[in-house]
file coords_9.cif (mmCIF, N, CA, C and O atoms and all ligand atoms)
data_query
#
loop_
_atom_site.label_atom_id
_atom_site.label_comp_id
_atom_site.auth_asym_id
_atom_site.auth_seq_id
_atom_site.Cartn_x
_atom_site.Cartn_y
_atom_site.Cartn_z
N MET A 9 82.89 103.16 53.95
CA MET A 9 83.20 103.61 55.32
C MET A 9 83.86 105.01 55.26
O MET A 9 84.84 105.19 54.55
N PRO A 10 83.32 105.97 56.00
CA PRO A 10 83.90 107.32 55.95
C PRO A 10 85.32 107.35 56.48
O PRO A 10 85.64 106.62 57.41
N SER A 11 86.16 108.20 55.92
CA SER A 11 87.59 108.22 56.23
C SER A 11 87.86 108.66 57.67
O SER A 11 88.85 108.26 58.26
N PHE A 12 87.00 109.51 58.26
CA PHE A 12 87.27 110.01 59.62
C PHE A 12 87.16 108.92 60.68
O PHE A 12 87.62 109.09 61.80
N VAL A 13 86.55 107.80 60.33
CA VAL A 13 86.44 106.68 61.26
C VAL A 13 87.82 106.05 61.46
O VAL A 13 88.16 105.62 62.55
N HIS A 14 88.64 106.07 60.40
CA HIS A 14 89.97 105.48 60.49
C HIS A 14 90.86 106.28 61.44
O HIS A 14 90.89 107.49 61.39
N GLN A 15 91.55 105.57 62.28
CA GLN A 15 92.46 106.21 63.24
C GLN A 15 93.76 106.59 62.55
O GLN A 15 94.23 105.90 61.67
N ARG A 16 94.32 107.71 62.97
CA ARG A 16 95.59 108.16 62.42
C ARG A 16 96.73 107.75 63.36
O ARG A 16 96.52 107.59 64.57
N CYS A 17 97.92 107.65 62.81
CA CYS A 17 99.09 107.30 63.61
C CYS A 17 99.39 108.41 64.61
O CYS A 17 99.25 109.59 64.30
N PHE A 18 99.78 108.02 65.79
CA PHE A 18 100.08 108.99 66.85
C PHE A 18 101.26 109.89 66.46
O PHE A 18 101.31 111.06 66.83
N ASN A 19 102.20 109.33 65.71
CA ASN A 19 103.39 110.08 65.29
C ASN A 19 103.22 110.75 63.93
O ASN A 19 103.78 111.81 63.68
N HIS A 20 102.47 110.09 63.04
CA HIS A 20 102.29 110.60 61.69
C HIS A 20 100.81 110.88 61.45
O HIS A 20 100.04 109.94 61.26
N ALA A 21 100.46 112.15 61.45
CA ALA A 21 99.07 112.54 61.25
C ALA A 21 98.56 112.16 59.87
O ALA A 21 97.37 111.95 59.66
N GLY A 22 99.50 112.04 58.92
CA GLY A 22 99.13 111.73 57.55
C GLY A 22 98.97 110.24 57.28
O GLY A 22 98.40 109.85 56.27
N SER A 23 99.47 109.42 58.20
CA SER A 23 99.42 107.97 57.99
C SER A 23 98.27 107.34 58.74
O SER A 23 97.97 107.72 59.88
N GLU A 24 97.66 106.40 58.08
CA GLU A 24 96.55 105.68 58.69
C GLU A 24 97.10 104.66 59.68
O GLU A 24 98.12 104.02 59.41
N ALA A 25 96.45 104.54 60.81
CA ALA A 25 96.90 103.60 61.83
C ALA A 25 96.73 102.17 61.36
O ALA A 25 95.70 101.81 60.80
N ALA A 26 97.76 101.37 61.61
CA ALA A 26 97.73 99.96 61.21
C ALA A 26 97.45 99.07 62.41
O ALA A 26 96.87 98.00 62.29
N ALA A 27 97.85 99.54 63.57
CA ALA A 27 97.67 98.74 64.78
C ALA A 27 97.57 99.65 66.00
O ALA A 27 97.92 100.82 65.95
N ARG A 28 97.10 99.06 67.06
CA ARG A 28 96.97 99.79 68.31
C ARG A 28 97.93 99.18 69.32
O ARG A 28 97.96 97.95 69.49
N CYS A 29 98.68 100.03 70.00
CA CYS A 29 99.62 99.55 71.00
C CYS A 29 98.85 99.10 72.24
O CYS A 29 98.07 99.87 72.79
N PRO A 30 99.06 97.86 72.70
CA PRO A 30 98.32 97.39 73.88
C PRO A 30 98.78 98.04 75.18
O PRO A 30 98.10 97.97 76.19
N GLU A 31 99.95 98.65 75.15
CA GLU A 31 100.51 99.27 76.35
C GLU A 31 99.94 100.67 76.59
O GLU A 31 99.43 100.96 77.66
N CYS A 32 100.07 101.54 75.59
CA CYS A 32 99.63 102.92 75.75
C CYS A 32 98.27 103.18 75.11
O CYS A 32 97.71 104.26 75.28
N ARG A 33 97.71 102.20 74.39
CA ARG A 33 96.40 102.28 73.76
C ARG A 33 96.31 103.38 72.70
O ARG A 33 95.25 103.90 72.43
N ARG A 34 97.46 103.71 72.11
CA ARG A 34 97.48 104.70 71.04
C ARG A 34 97.55 103.96 69.71
O ARG A 34 98.03 102.82 69.65
N PHE A 35 97.11 104.64 68.66
CA PHE A 35 97.14 104.05 67.32
C PHE A 35 98.42 104.44 66.61
O PHE A 35 98.89 105.57 66.74
N PHE A 36 98.97 103.48 65.88
CA PHE A 36 100.22 103.73 65.17
C PHE A 36 100.18 103.13 63.77
O PHE A 36 99.46 102.15 63.55
N CYS A 37 101.00 103.69 62.88
CA CYS A 37 101.10 103.17 61.52
C CYS A 37 102.11 102.02 61.50
O CYS A 37 102.77 101.76 62.50
N ARG A 38 102.25 101.39 60.34
CA ARG A 38 103.15 100.23 60.22
C ARG A 38 104.60 100.60 60.51
O ARG A 38 105.37 99.77 60.98
N GLU A 39 104.97 101.83 60.24
CA GLU A 39 106.35 102.29 60.45
C GLU A 39 106.68 102.40 61.94
O GLU A 39 107.82 102.20 62.36
N CYS A 40 105.69 102.81 62.71
CA CYS A 40 105.93 103.09 64.13
C CYS A 40 105.78 101.86 65.02
O CYS A 40 106.36 101.81 66.10
N ILE A 41 105.01 100.94 64.57
CA ILE A 41 104.75 99.76 65.39
C ILE A 41 105.80 98.67 65.14
O ILE A 41 106.28 98.51 64.04
N THR A 42 106.17 97.96 66.19
CA THR A 42 107.14 96.87 66.07
C THR A 42 106.65 95.66 66.85
O THR A 42 105.99 95.79 67.88
N GLU A 43 107.03 94.50 66.33
CA GLU A 43 106.62 93.27 66.99
C GLU A 43 107.68 92.89 68.03
O GLU A 43 108.88 92.93 67.75
N HIS A 44 107.23 92.55 69.20
CA HIS A 44 108.15 92.20 70.28
C HIS A 44 107.49 91.14 71.15
O HIS A 44 106.45 91.39 71.74
N ASP A 45 108.12 89.98 71.23
CA ASP A 45 107.60 88.85 72.02
C ASP A 45 106.15 88.54 71.66
O ASP A 45 105.29 88.42 72.53
N ASP A 46 105.89 88.41 70.34
CA ASP A 46 104.56 88.12 69.81
C ASP A 46 103.52 89.19 70.15
O ASP A 46 102.33 88.95 70.12
N ARG A 47 104.02 90.37 70.52
CA ARG A 47 103.13 91.48 70.82
C ARG A 47 103.51 92.66 69.94
O ARG A 47 104.68 92.89 69.70
N VAL A 48 102.49 93.39 69.50
CA VAL A 48 102.74 94.55 68.66
C VAL A 48 102.77 95.79 69.55
O VAL A 48 101.79 96.13 70.20
N LEU A 49 103.94 96.41 69.61
CA LEU A 49 104.12 97.57 70.49
C LEU A 49 104.63 98.77 69.70
O LEU A 49 105.26 98.61 68.66
N CYS A 50 104.41 99.95 70.24
CA CYS A 50 104.95 101.16 69.63
C CYS A 50 106.39 101.34 70.10
O CYS A 50 106.82 100.70 71.06
N ALA A 51 107.11 102.22 69.47
CA ALA A 51 108.53 102.42 69.77
C ALA A 51 108.74 102.89 71.21
O ALA A 51 109.68 102.47 71.88
N ALA A 52 107.85 103.74 71.69
CA ALA A 52 107.95 104.28 73.05
C ALA A 52 107.80 103.17 74.09
O ALA A 52 108.55 103.13 75.07
N CYS A 53 106.83 102.29 73.87
CA CYS A 53 106.59 101.20 74.82
C CYS A 53 107.68 100.14 74.73
O CYS A 53 108.00 99.50 75.72
N LEU A 54 108.24 99.98 73.53
CA LEU A 54 109.34 99.03 73.35
C LEU A 54 110.54 99.49 74.16
O LEU A 54 111.23 98.68 74.77
N LYS A 55 110.78 100.80 74.19
CA LYS A 55 111.86 101.38 74.98
C LYS A 55 111.62 101.13 76.46
O LYS A 55 112.54 100.82 77.22
N LYS A 56 110.36 101.29 76.86
CA LYS A 56 109.98 101.08 78.27
C LYS A 56 110.24 99.63 78.67
O LYS A 56 110.74 99.35 79.75
N LEU A 57 109.88 98.71 77.74
CA LEU A 57 110.08 97.28 78.01
C LEU A 57 111.56 96.94 78.06
O LEU A 57 111.97 96.09 78.84
N ALA A 58 112.34 97.61 77.22
CA ALA A 58 113.79 97.38 77.19
C ALA A 58 114.43 97.80 78.50
O ALA A 58 115.45 97.26 78.91
N ARG A 59 113.80 98.75 79.17
CA ARG A 59 114.33 99.26 80.43
C ARG A 59 113.94 98.36 81.60
O ARG A 59 114.43 98.52 82.70
N ARG A 60 113.02 97.44 81.35
CA ARG A 60 112.49 96.61 82.43
C ARG A 60 113.49 95.71 83.16
O ARG A 60 113.36 95.54 84.35
N PRO A 61 114.47 95.10 82.47
CA PRO A 61 115.41 94.25 83.20
C PRO A 61 116.02 94.95 84.41
O PRO A 61 116.26 94.33 85.44
N LEU A 62 116.22 96.27 84.29
CA LEU A 62 116.76 97.07 85.40
C LEU A 62 115.76 97.11 86.54
O LEU A 62 116.13 97.00 87.71
N ALA A 63 114.49 97.26 86.17
CA ALA A 63 113.42 97.29 87.17
C ALA A 63 113.31 95.94 87.86
O ALA A 63 113.04 95.87 89.05
N ARG A 64 113.55 94.88 87.09
CA ARG A 64 113.49 93.53 87.66
C ARG A 64 114.61 93.34 88.68
O ARG A 64 114.41 92.71 89.70
N ARG A 65 115.78 93.91 88.36
CA ARG A 65 116.91 93.83 89.29
C ARG A 65 116.56 94.54 90.60
O ARG A 65 116.91 94.10 91.67
N PHE A 66 115.84 95.66 90.43
CA PHE A 66 115.42 96.43 91.59
C PHE A 66 114.42 95.62 92.41
O PHE A 66 114.48 95.61 93.64
N ALA A 67 113.53 94.92 91.71
CA ALA A 67 112.53 94.07 92.38
C ALA A 67 113.23 92.94 93.13
O ALA A 67 112.83 92.61 94.25
N PHE A 68 114.28 92.40 92.51
CA PHE A 68 115.04 91.33 93.16
C PHE A 68 115.70 91.85 94.44
O PHE A 68 115.70 91.16 95.46
N ALA A 69 116.21 93.09 94.36
CA ALA A 69 116.82 93.72 95.53
C ALA A 69 115.79 93.89 96.64
O ALA A 69 116.10 93.71 97.81
N GLN A 70 114.58 94.23 96.24
CA GLN A 70 113.49 94.39 97.20
C GLN A 70 113.16 93.06 97.87
O GLN A 70 112.96 93.00 99.07
N ILE A 71 113.12 92.00 97.05
CA ILE A 71 112.83 90.66 97.56
C ILE A 71 113.94 90.25 98.54
O ILE A 71 113.67 89.70 99.59
N PHE A 72 115.18 90.56 98.15
CA PHE A 72 116.32 90.23 98.99
C PHE A 72 116.24 90.97 100.32
O PHE A 72 116.47 90.39 101.39
N HIS A 73 115.84 92.25 100.23
CA HIS A 73 115.69 93.07 101.44
C HIS A 73 114.58 92.51 102.33
O HIS A 73 114.71 92.45 103.54
N LEU A 74 113.50 92.07 101.67
CA LEU A 74 112.36 91.49 102.39
C LEU A 74 112.77 90.20 103.10
O LEU A 74 112.41 89.95 104.24
N ALA A 75 113.56 89.39 102.39
CA ALA A 75 114.06 88.13 102.95
C ALA A 75 114.96 88.40 104.14
O ALA A 75 114.91 87.69 105.15
N LEU A 76 115.75 89.45 104.03
CA LEU A 76 116.65 89.85 105.10
C LEU A 76 115.84 90.27 106.33
O LEU A 76 116.19 89.93 107.46
N CYS A 77 114.77 91.01 106.09
CA CYS A 77 113.87 91.44 107.16
C CYS A 77 113.22 90.23 107.84
O CYS A 77 113.15 90.16 109.06
N ALA A 78 112.78 89.29 107.00
CA ALA A 78 112.16 88.07 107.51
C ALA A 78 113.14 87.28 108.36
O ALA A 78 112.79 86.75 109.41
N PHE A 79 114.39 87.24 107.89
CA PHE A 79 115.45 86.56 108.63
C PHE A 79 115.68 87.24 109.97
O PHE A 79 115.85 86.58 110.99
N GLY A 80 115.64 88.57 109.95
CA GLY A 80 115.80 89.36 111.17
C GLY A 80 114.71 89.06 112.18
O GLY A 80 114.97 88.88 113.37
N VAL A 81 113.47 88.99 111.67
CA VAL A 81 112.32 88.68 112.52
C VAL A 81 112.47 87.29 113.11
O VAL A 81 112.21 87.06 114.29
N LEU A 82 112.92 86.36 112.24
CA LEU A 82 113.13 84.97 112.67
C LEU A 82 114.18 84.90 113.77
O LEU A 82 114.02 84.18 114.76
N MET A 83 115.25 85.67 113.60
CA MET A 83 116.33 85.71 114.58
C MET A 83 115.82 86.29 115.91
O MET A 83 116.16 85.79 116.98
N ALA A 84 115.00 87.35 115.79
CA ALA A 84 114.42 87.98 116.98
C ALA A 84 113.52 86.99 117.70
O ALA A 84 113.56 86.87 118.93
N TRP A 85 112.71 86.26 116.87
CA TRP A 85 111.82 85.25 117.45
C TRP A 85 112.64 84.19 118.16
O TRP A 85 112.32 83.77 119.27
N PHE A 86 113.74 83.74 117.54
CA PHE A 86 114.61 82.72 118.10
C PHE A 86 115.23 83.21 119.42
O PHE A 86 115.33 82.47 120.39
N PHE A 87 115.60 84.49 119.42
CA PHE A 87 116.20 85.12 120.60
C PHE A 87 115.20 85.11 121.77
O PHE A 87 115.54 84.71 122.88
N PHE A 88 113.97 85.50 121.46
CA PHE A 88 112.94 85.53 122.50
C PHE A 88 112.55 84.13 122.94
O PHE A 88 112.20 83.89 124.09
N PHE A 89 112.64 83.19 121.96
CA PHE A 89 112.35 81.79 122.27
C PHE A 89 113.37 81.27 123.29
O PHE A 89 113.02 80.60 124.25
N LEU A 90 114.65 81.65 123.09
CA LEU A 90 115.72 81.24 124.00
C LEU A 90 115.50 81.85 125.38
O LEU A 90 115.70 81.17 126.40
N ILE A 91 115.08 83.11 125.41
CA ILE A 91 114.80 83.79 126.69
C ILE A 91 113.66 83.06 127.40
O ILE A 91 113.73 82.78 128.61
N GLY A 92 112.63 82.75 126.59
CA GLY A 92 111.47 82.01 127.13
C GLY A 92 111.89 80.66 127.69
O GLY A 92 111.46 80.27 128.78
N GLU A 93 112.76 79.99 126.93
CA GLU A 93 113.28 78.69 127.36
C GLU A 93 114.03 78.85 128.68
O GLU A 93 113.84 78.06 129.62
N GLY A 94 114.86 79.86 128.75
CA GLY A 94 115.66 80.13 129.95
C GLY A 94 114.77 80.43 131.15
O GLY A 94 115.01 79.93 132.25
N LEU A 95 113.72 81.20 130.90
CA LEU A 95 112.80 81.57 131.99
C LEU A 95 112.03 80.36 132.51
O LEU A 95 111.84 80.21 133.71
N SER A 96 111.63 79.49 131.55
CA SER A 96 110.86 78.31 131.95
C SER A 96 111.71 77.32 132.74
O SER A 96 111.19 76.52 133.51
N LYS A 97 113.05 77.40 132.54
CA LYS A 97 113.96 76.50 133.25
C LYS A 97 114.29 77.03 134.65
O LYS A 97 114.85 76.32 135.48
N MET A 98 113.93 78.30 134.90
CA MET A 98 114.17 78.89 136.21
C MET A 98 113.17 78.32 137.22
O MET A 98 112.09 77.88 136.85
N PRO A 99 113.50 78.34 138.47
CA PRO A 99 112.57 77.79 139.47
C PRO A 99 111.26 78.56 139.49
O PRO A 99 111.22 79.75 139.23
N ASP A 100 110.20 77.85 139.82
CA ASP A 100 108.86 78.43 139.84
C ASP A 100 108.77 79.59 140.83
O ASP A 100 108.03 80.53 140.63
N SER A 101 109.54 79.49 141.89
CA SER A 101 109.50 80.53 142.91
C SER A 101 109.92 81.88 142.36
O SER A 101 109.47 82.92 142.85
N PHE A 102 110.77 81.86 141.30
CA PHE A 102 111.22 83.09 140.66
C PHE A 102 110.03 83.82 140.03
O PHE A 102 109.88 85.02 140.17
N HIS A 103 109.17 83.01 139.33
CA HIS A 103 108.01 83.58 138.66
C HIS A 103 106.97 84.05 139.67
O HIS A 103 106.29 85.03 139.46
N GLU A 104 106.87 83.35 140.74
CA GLU A 104 105.87 83.69 141.76
C GLU A 104 106.30 84.90 142.59
O GLU A 104 105.49 85.50 143.29
N GLY A 105 107.59 85.18 142.55
CA GLY A 105 108.09 86.31 143.32
C GLY A 105 108.42 85.93 144.76
O GLY A 105 108.73 86.78 145.58
N THR A 106 108.36 84.63 145.04
CA THR A 106 108.61 84.16 146.41
C THR A 106 110.09 83.91 146.65
O THR A 106 110.51 83.80 147.80
N LEU A 107 110.87 83.81 145.53
CA LEU A 107 112.31 83.53 145.64
C LEU A 107 113.00 84.61 146.46
O LEU A 107 113.82 84.32 147.33
N TRP A 108 112.64 85.85 146.18
CA TRP A 108 113.24 86.99 146.88
C TRP A 108 112.76 87.04 148.34
O TRP A 108 113.52 87.38 149.22
N GLN A 109 111.52 86.66 148.52
CA GLN A 109 110.97 86.64 149.88
C GLN A 109 111.72 85.65 150.76
O GLN A 109 112.02 85.93 151.91
N VAL A 110 112.06 84.50 150.13
CA VAL A 110 112.79 83.46 150.85
C VAL A 110 114.13 84.01 151.32
O VAL A 110 114.51 83.87 152.47
N HIS A 111 114.82 84.69 150.37
CA HIS A 111 116.11 85.29 150.71
C HIS A 111 115.96 86.35 151.78
O HIS A 111 116.80 86.49 152.66
N TRP A 112 114.89 87.12 151.66
CA TRP A 112 114.61 88.18 152.63
C TRP A 112 114.45 87.61 154.02
O TRP A 112 115.01 88.10 154.99
N ILE A 113 113.71 86.51 154.05
CA ILE A 113 113.43 85.84 155.33
C ILE A 113 114.74 85.28 155.92
O ILE A 113 115.00 85.39 157.09
N ASP A 114 115.58 84.67 155.02
CA ASP A 114 116.85 84.10 155.44
C ASP A 114 117.74 85.16 156.09
O ASP A 114 118.43 84.88 157.07
N LYS A 115 117.72 86.35 155.54
CA LYS A 115 118.56 87.45 156.05
C LYS A 115 118.07 87.95 157.39
O LYS A 115 118.86 88.37 158.22
N GLU A 116 116.77 87.88 157.56
CA GLU A 116 116.18 88.45 158.79
C GLU A 116 116.56 87.67 160.03
O GLU A 116 116.70 86.46 160.01
ZN ZN B 201 102.70 102.13 73.19
ZN ZN B 202 103.61 106.37 62.34
#
call {"tool": "encode", "arguments": {"input": "coords_9.cif", "output": "structure tokens", "more": "lines below"}}
Ligand SMILES: [Zn+2]
Ligand SMILES: [Zn+2]
result
Amino acid sequence: MPSFVHQRCFNHAGSEAAARCPECRRFFCRECITEHDDRVLCAACLKKLARRPLARRFAFAQIFHLALCAFGVLMAWFFFFLIGEGLSKMPDSFHEGTLWQVHWIDKE
């Protein structure tokens, strides 16, 4: 097999690649690659993964914000439901607009 077919390490041009990082799809030698959670990653991607818990916290904050928004919508719906309930309990003449006419007539 010709030597140029072999991939070189992304960091070490002189070293032959031993594995390919599934994250960045670059080739790395045994020195540069590390095993993490049964996955072989390069040092750069391992750093990225190490930073992830912070991103997860941010995602949790987003979920919390979304839940808060949903709660707000629910409260708004409940508020309008109460208004609707109140309106339905009002006399029919109010909805028909005849209630005011009755008063108008009484005054006349
Ligand atoms: Zn990588
Ligand atoms: Zn290397």
call {"tool": "atom_distance", "arguments": {"input": "coords_9.cif", "atom1": "atom C of Asn19 of chain A", "atom2": "atom O of Asp46 of chain A"}}
result
22.7 Å
call {"tool": "closest_atom_pairs", "arguments": {"input": "coords_9.cif", "of": "chain A", "to": "ligand ZN 202 (chain B)", "cutoff": "5 Å", "atoms": "only N, CA, C and O atoms and all ligand atoms", "output": "JSON lines"}}
result
{"residue": "A:Cys17", "atom": "CA", "partner": "B:ZN202", "partner_atom": "ZN", "distance": 4.8}
{"residue": "A:Asn19", "atom": "C", "partner": "B:ZN202", "partner_atom": "ZN", "distance": 4.7}
{"residue": "A:His20", "atom": "N", "partner": "B:ZN202", "partner_atom": "ZN", "distance": 4.0}
{"residue": "A:Phe36", "atom": "C", "partner": "B:ZN202", "partner_atom": "ZN", "distance": 4.9}
{"residue": "A:Cys37", "atom": "N", "partner": "B:ZN202", "partner_atom": "ZN", "distance": 3.8}
{"residue": "A:Cys40", "atom": "N", "partner": "B:ZN202", "partner_atom": "ZN", "distance": 4.1}
call {"tool": "residues_near_ligand", "arguments": {"input": "coords_9.cif", "ligand": "ligand ZN 201 (chain B)", "cutoff": "5 Å", "atoms": "only N, CA, C and O atoms and all ligand atoms", "output": "ChimeraX atom specification"}}
result
/A:29,31-32,50,53
call {"tool": "write_last_selection", "arguments": {"input": "coords_9.cif", "atoms": "N, CA, C and O atoms", "output": "PDB file, in the coordinates of the input"}}
result
ATOM      1  N   CYS A  29      98.680 100.030  70.000  1.00  0.00           N
ATOM      2  CA  CYS A  29      99.620  99.550  71.000  1.00  0.00           C
ATOM      3  C   CYS A  29      98.850  99.100  72.240  1.00  0.00           C
ATOM      4  O   CYS A  29      98.070  99.870  72.790  1.00  0.00           O
ATOM      5  N   GLU A  31      99.950  98.650  75.150  1.00  0.00           N
ATOM      6  CA  GLU A  31     100.510  99.270  76.350  1.00  0.00           C
ATOM      7  C   GLU A  31      99.940 100.670  76.590  1.00  0.00           C
ATOM      8  O   GLU A  31      99.430 100.960  77.660  1.00  0.00           O
ATOM      9  N   CYS A  32     100.070 101.540  75.590  1.00  0.00           N
ATOM     10  CA  CYS A  32      99.630 102.920  75.750  1.00  0.00           C
ATOM     11  C   CYS A  32      98.270 103.180  75.110  1.00  0.00           C
ATOM     12  O   CYS A  32      97.710 104.260  75.280  1.00  0.00           O
ATOM     13  N   CYS A  50     104.410  99.950  70.240  1.00  0.00           N
ATOM     14  CA  CYS A  50     104.950 101.160  69.630  1.00  0.00           C
ATOM     15  C   CYS A  50     106.390 101.340  70.100  1.00  0.00           C
ATOM     16  O   CYS A  50     106.820 100.700  71.060  1.00  0.00           O
ATOM     17  N   CYS A  53     106.830 102.290  73.870  1.00  0.00           N
ATOM     18  CA  CYS A  53     106.590 101.200  74.820  1.00  0.00           C
ATOM     19  C   CYS A  53     107.680 100.140  74.730  1.00  0.00           C
ATOM     20  O   CYS A  53     108.000  99.500  75.720  1.00  0.00           O
TER      21      CYS A  53
END
call {"tool": "atom_distance", "arguments": {"input": "coords_9.cif", "atom1": "atom N of Phe35 of chain A", "atom2": "atom O of Arg16 of chain A"}}
result
5.1 Å
call {"tool": "residues_around", "arguments": {"input": "coords_9.cif", "residues": "Arg38 of chain A", "least_positions_apart": "5", "cutoff": "6 Å", "atoms": "all atoms listed in the file", "output": "PDB file with N, CA, C and O atoms, in the coordinates of the input"}}
result
ATOM      1  N   GLU A  24      97.660 106.400  58.080  1.00  0.00           N
ATOM      2  CA  GLU A  24      96.550 105.680  58.690  1.00  0.00           C
ATOM      3  C   GLU A  24      97.100 104.660  59.680  1.00  0.00           C
ATOM      4  O   GLU A  24      98.120 104.020  59.410  1.00  0.00           O
ATOM      5  N   ALA A  25      96.450 104.540  60.810  1.00  0.00           N
ATOM      6  CA  ALA A  25      96.900 103.600  61.830  1.00  0.00           C
ATOM      7  C   ALA A  25      96.730 102.170  61.360  1.00  0.00           C
ATOM      8  O   ALA A  25      95.700 101.810  60.800  1.00  0.00           O
ATOM      9  N   ALA A  26      97.760 101.370  61.610  1.00  0.00           N
ATOM     10  CA  ALA A  26      97.730  99.960  61.210  1.00  0.00           C
ATOM     11  C   ALA A  26      97.450  99.070  62.410  1.00  0.00           C
ATOM     12  O   ALA A  26      96.870  98.000  62.290  1.00  0.00           O
ATOM     13  N   ALA A  27      97.850  99.540  63.570  1.00  0.00           N
ATOM     14  CA  ALA A  27      97.670  98.740  64.780  1.00  0.00           C
ATOM     15  C   ALA A  27      97.570  99.650  66.000  1.00  0.00           C
ATOM     16  O   ALA A  27      97.920 100.820  65.950  1.00  0.00           O
TER      17      ALA A  27
END
call {"tool": "axis_aligned_box", "arguments": {"input": "coords_9.cif", "around": "segment 24-30 of chain A", "padding_each_side": "5 Å", "output": "AutoDock Vina command-line options"}}
result
--center_x 97.7 --center_y 101.9 --center_z 67.1 --size_x 13.9 --size_y 19.0 --size_z 28.1
call {"tool": "atom_distance", "arguments": {"input": "coords_9.cif", "atom1": "atom C of Arg34 of chain A", "atom2": "atom CA of Phe18 of chain A"}}
result
6.3 Å
call {"tool": "residues_around", "arguments": {"input": "coords_9.cif", "residues": "Asp45 of chain A", "least_positions_apart": "5", "cutoff": "12 Å", "atoms": "only C-alpha atoms", "output": "list of chain:residue names"}}
result
A:Leu54, A:Leu57, A:Ala58
